[in-house]
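Take a look at the structure set out below.
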Amino acid sequence: MTPARRNLVILCLSYGLAVALMLHQVGIDLAASGSDWRQGEWLINSEGVAIRRGVLGSGLIALSDATGIGLLTLAFAVPMAFLGLIVGSLALFAAAEGPGDRLLLMMMSPGLVLFWGADPESILRKEVLIYAAFLPLILVAGRGQGGRRALAACVALFALAAAGHEMSVFFVPALAVAILICRPRDAASWAAVAAVAMLGLLTLGFALRYPTVSDLGLVCDPLVARHLSPAICEGAISWVSRDLDFAQERLLVQADNPRAWTVVLTYGAALLPFAVALWGRPRAGWWLAAILLAGVPFLPLWVVALDWGRWINAHVAVMVFLVLIGCRTGRLSGLRAPLPGLLFLATLAVCLGVGMRHIGGPIRAGLIEVALRTFVNPGL
């Protein structure tokens, strides 16, 4: 078996295990008639009052009313479709590259697909729309001229993301870079960058103008009227009635947790594959600085919300997308060089053995141990 084929088998088995764990959580959520966090986040709406994150939820309500498809069904199906698209596309892009050791390890970072598997609390969140916006750019990367339909798809997907969550604004720099390196920097590329920047600013401005609601019933009542349980409003939806001071209080509580400092270890584990990929490569210091720089736009999120594992996931995701574009355009051809066997195995063990939590990001069991606890021996 060639190294590329071996690496593709490792990737597919690992991603398959992560998907199995995600589906296990989806089954739990279905049995409970929806999660107040995973499905609830998509059901924040502006039916009764203007509120940040509410435009997308109102769109789902309109779609449900127009088609007769249950609202809760849409809240499951839409994010699952996008999550499946992302994981499947990553596997296909890896197969197209014939993944070398370095690319495999980056795609196996415990901060991306393996993160979703090891902590299913993190799945089916609205950032899947943002991540999906990168996929058309990866698809056309390195093909020379053309790709305008991919730009249009990218902007359309980002518009959906901006309608759903103000965190999309923090992805604008990475998405702009992706647009400018995936194809020629012509008028179409610059127009797409301008559109993405405008959408980011619009969603941020809307969030600042309508940060909270005084009466949560204005958001929850349209859901109850469509036969959803009021319990769906107790998680993500309840946060739109709380202000920044409440979030800051929760952050202080989280920071006082004795295990809070371990987020440094998990962040290091998530970025380790990228550092290892630079082993013996020219300009390694420059590329390491670029890796760290990619996380700078997300720094404000660390001081306004306690989803620290989510912010690590965001940093790793944009790095993987940009690396794939770099490989397909020939800018990162040096990643095909093999790694020393011991270094490769040790890094792979970290990827499979270390996990992080969505909330607070402390270190926890990784994909393999979580799978054993879930499917083999819950008492582990």
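Please note that chains go A, B, ... in the order of the structure tokens, that every chain numbers its residues from 1, and that ligands are numbered from 1 in the order shown.
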
Dump as a Markdown table the rows for residues of segment 299-318 of chain A within 6 Å of segment 355-365 of chain A: closest atom pair and distance in Å with one decimal, only C-alpha atoms counted, ordered by chain and rising residue number.
| residue | atom | partner | partner_atom | distance |
| --- | --- | --- | --- | --- |
| A:Leu306 | CA | A:Gly360 | CA | 5.5 |
| A:Asp307 | CA | A:Ile359 | CA | 4.5 |
| A:Trp308 | CA | A:Gly360 | CA | 4.8 |
| A:Gly309 | CA | A:Gly361 | CA | 4.0 |
| A:Arg310 | CA | A:His358 | CA | 5.5 |

### Task
List the neighbours of Cys220 of chain A out to 7 Å using only C-alpha atoms; skip same-chain residues closer than 4 positions along the sequence, and give me the result as a list in words.
Leu216, Val224 and Cys233 of chain A

Store the residues picked out above, limited to N, CA and C atoms, as a compact mmCIF listing (two decimals), in the first residue's frame.
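Below you can see result.txt, which holds the result:
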# COMPACT_ATOMS: atom_id res chain seq x y z
N LEU A 216 -38.72 37.45 25.78
CA LEU A 216 -38.30 36.27 25.05
C LEU A 216 -39.47 35.61 24.32
N VAL A 224 -43.62 27.90 19.29
CA VAL A 224 -44.66 27.15 20.00
C VAL A 224 -45.93 27.08 19.16
N CYS A 233 -36.60 26.71 23.65
CA CYS A 233 -36.20 28.10 23.85
C CYS A 233 -35.27 28.30 25.04

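Going from atom CA of Gly326 of chain A to atom CA of Arg148 of chain A covers 18.9 Å.
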
Excluding same-chain residues fewer than 5 positions from Gly280 of chain A, what lies within 10 Å of it counting only C-alpha atoms, as a PDB file with N, CA, C and O atoms, in the first residue's frame?
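As a result, result_5.pdb now contains:
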ATOM      1  N   GLY A 334       5.428  21.801  -1.446  1.00  0.00           N
ATOM      2  CA  GLY A 334       6.404  21.179  -0.552  1.00  0.00           C
ATOM      3  C   GLY A 334       5.795  20.289   0.507  1.00  0.00           C
ATOM      4  O   GLY A 334       6.514  19.543   1.187  1.00  0.00           O
ATOM      5  N   ALA A 337       6.437  16.212   0.756  1.00  0.00           N
ATOM      6  CA  ALA A 337       7.617  15.535   1.306  1.00  0.00           C
ATOM      7  C   ALA A 337       7.220  14.706   2.521  1.00  0.00           C
ATOM      8  O   ALA A 337       6.469  15.173   3.385  1.00  0.00           O
ATOM      9  N   LEU A 339       7.311  12.690   6.177  1.00  0.00           N
ATOM     10  CA  LEU A 339       7.798  13.026   7.513  1.00  0.00           C
ATOM     11  C   LEU A 339       8.539  11.834   8.109  1.00  0.00           C
ATOM     12  O   LEU A 339       8.275  10.685   7.748  1.00  0.00           O
TER      13      LEU A 339
END

### Message
I want to know what sits within 10 Å of Ile86 of chain A, based on only C-alpha atoms, with residues of the same chain fewer than 6 positions away left out; could you give that as a count of residues only?
### Response
10

### Query
With only C-alpha atoms as the atoms that count, which of A:Leu202, A:Val213, A:Leu345, A:Leu322 lies nearest to Ile237 of chain A?
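Using only C-alpha atoms, Ile237 of chain A sits closest to A:Val213.
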
#### Entry: Distance query Pro79 of chain A at most 9 Å, only C-alpha atoms, self and fewer than 5 positions along chain excluded, as a VMD selection string
chain A and resid 39 42 74 84 123 to 126 128 to 129

Residues just named, written with C-alpha atoms as a PDB file, in the first residue's frame:
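Contents of the output file again-v9.pdb:
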ATOM      1  CA  GLN A  39     -31.545  23.070  16.816  1.00  0.00           C
ATOM      2  CA  TRP A  42     -31.227  27.836  14.040  1.00  0.00           C
ATOM      3  CA  LEU A  74     -35.792  21.801   8.771  1.00  0.00           C
ATOM      4  CA  GLY A  84     -22.317  16.314   5.514  1.00  0.00           C
ATOM      5  CA  ILE A 123     -22.092  20.002  15.863  1.00  0.00           C
ATOM      6  CA  LEU A 124     -24.799  21.525  13.665  1.00  0.00           C
ATOM      7  CA  ARG A 125     -23.941  25.115  14.576  1.00  0.00           C
ATOM      8  CA  LYS A 126     -24.407  27.982  12.155  1.00  0.00           C
ATOM      9  CA  VAL A 128     -21.321  25.263   8.873  1.00  0.00           C
ATOM     10  CA  LEU A 129     -22.752  27.871   6.495  1.00  0.00           C
TER      11      LEU A 129
END

### Query
Nearest to Leu105 of chain A: which of A:Ala270, A:Leu288, A:Ala62, A:Ala314 is it, counting only C-alpha atoms?
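Residue with the minimum atom-to-atom distance to Leu105 of chain A: A:Ala270.
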
### Message
Going by DSSP on the backbone, which residues of segment 225-301 of chain A come out as helix (DSSP H, G or I)? List them as an MDAnalysis selection string.
### Response
chainID A and resid 230:233 237:241 244:255 260:277 284:293 296:301

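Comparing the minimum interatomic distances between Ala176 of chain A and each of A:Pro99, A:Gly68, A:Val78, A:Val318, counting only C-alpha atoms, we find that A:Val318 sits nearest.
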
#### Entry: For Asn313 of chain A: contacts at 6 Å, only C-alpha atoms, fewer than 3 positions along chain excluded, given as a ChimeraX atom specification
/A:111-112,310,316-317

### Query
Pick the closest to Ile312 of chain A from A:Leu299, A:Leu63, A:Ala32, A:Val26: which is it, counting only C-alpha atoms?
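The answer is A:Leu299, which sits nearest to Ile312 of chain A.
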
### Query
Could you pull the residues within 12 Å of Val253 of chain A, counting only C-alpha atoms, minus those fewer than 5 positions along the same chain, as a list in words?
Phe246, Ala247, Gln248, Pro258, Arg259, Ala260, Ala305, Leu306 and Gly360 of chain A

### Task
For atom CA of His315 of chain A and atom CA of Val296 of chain A, determine how far apart the two atoms are, in Å to one decimal place.
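Between atom CA of His315 of chain A and atom CA of Val296 of chain A the gap is 8.7 Å.
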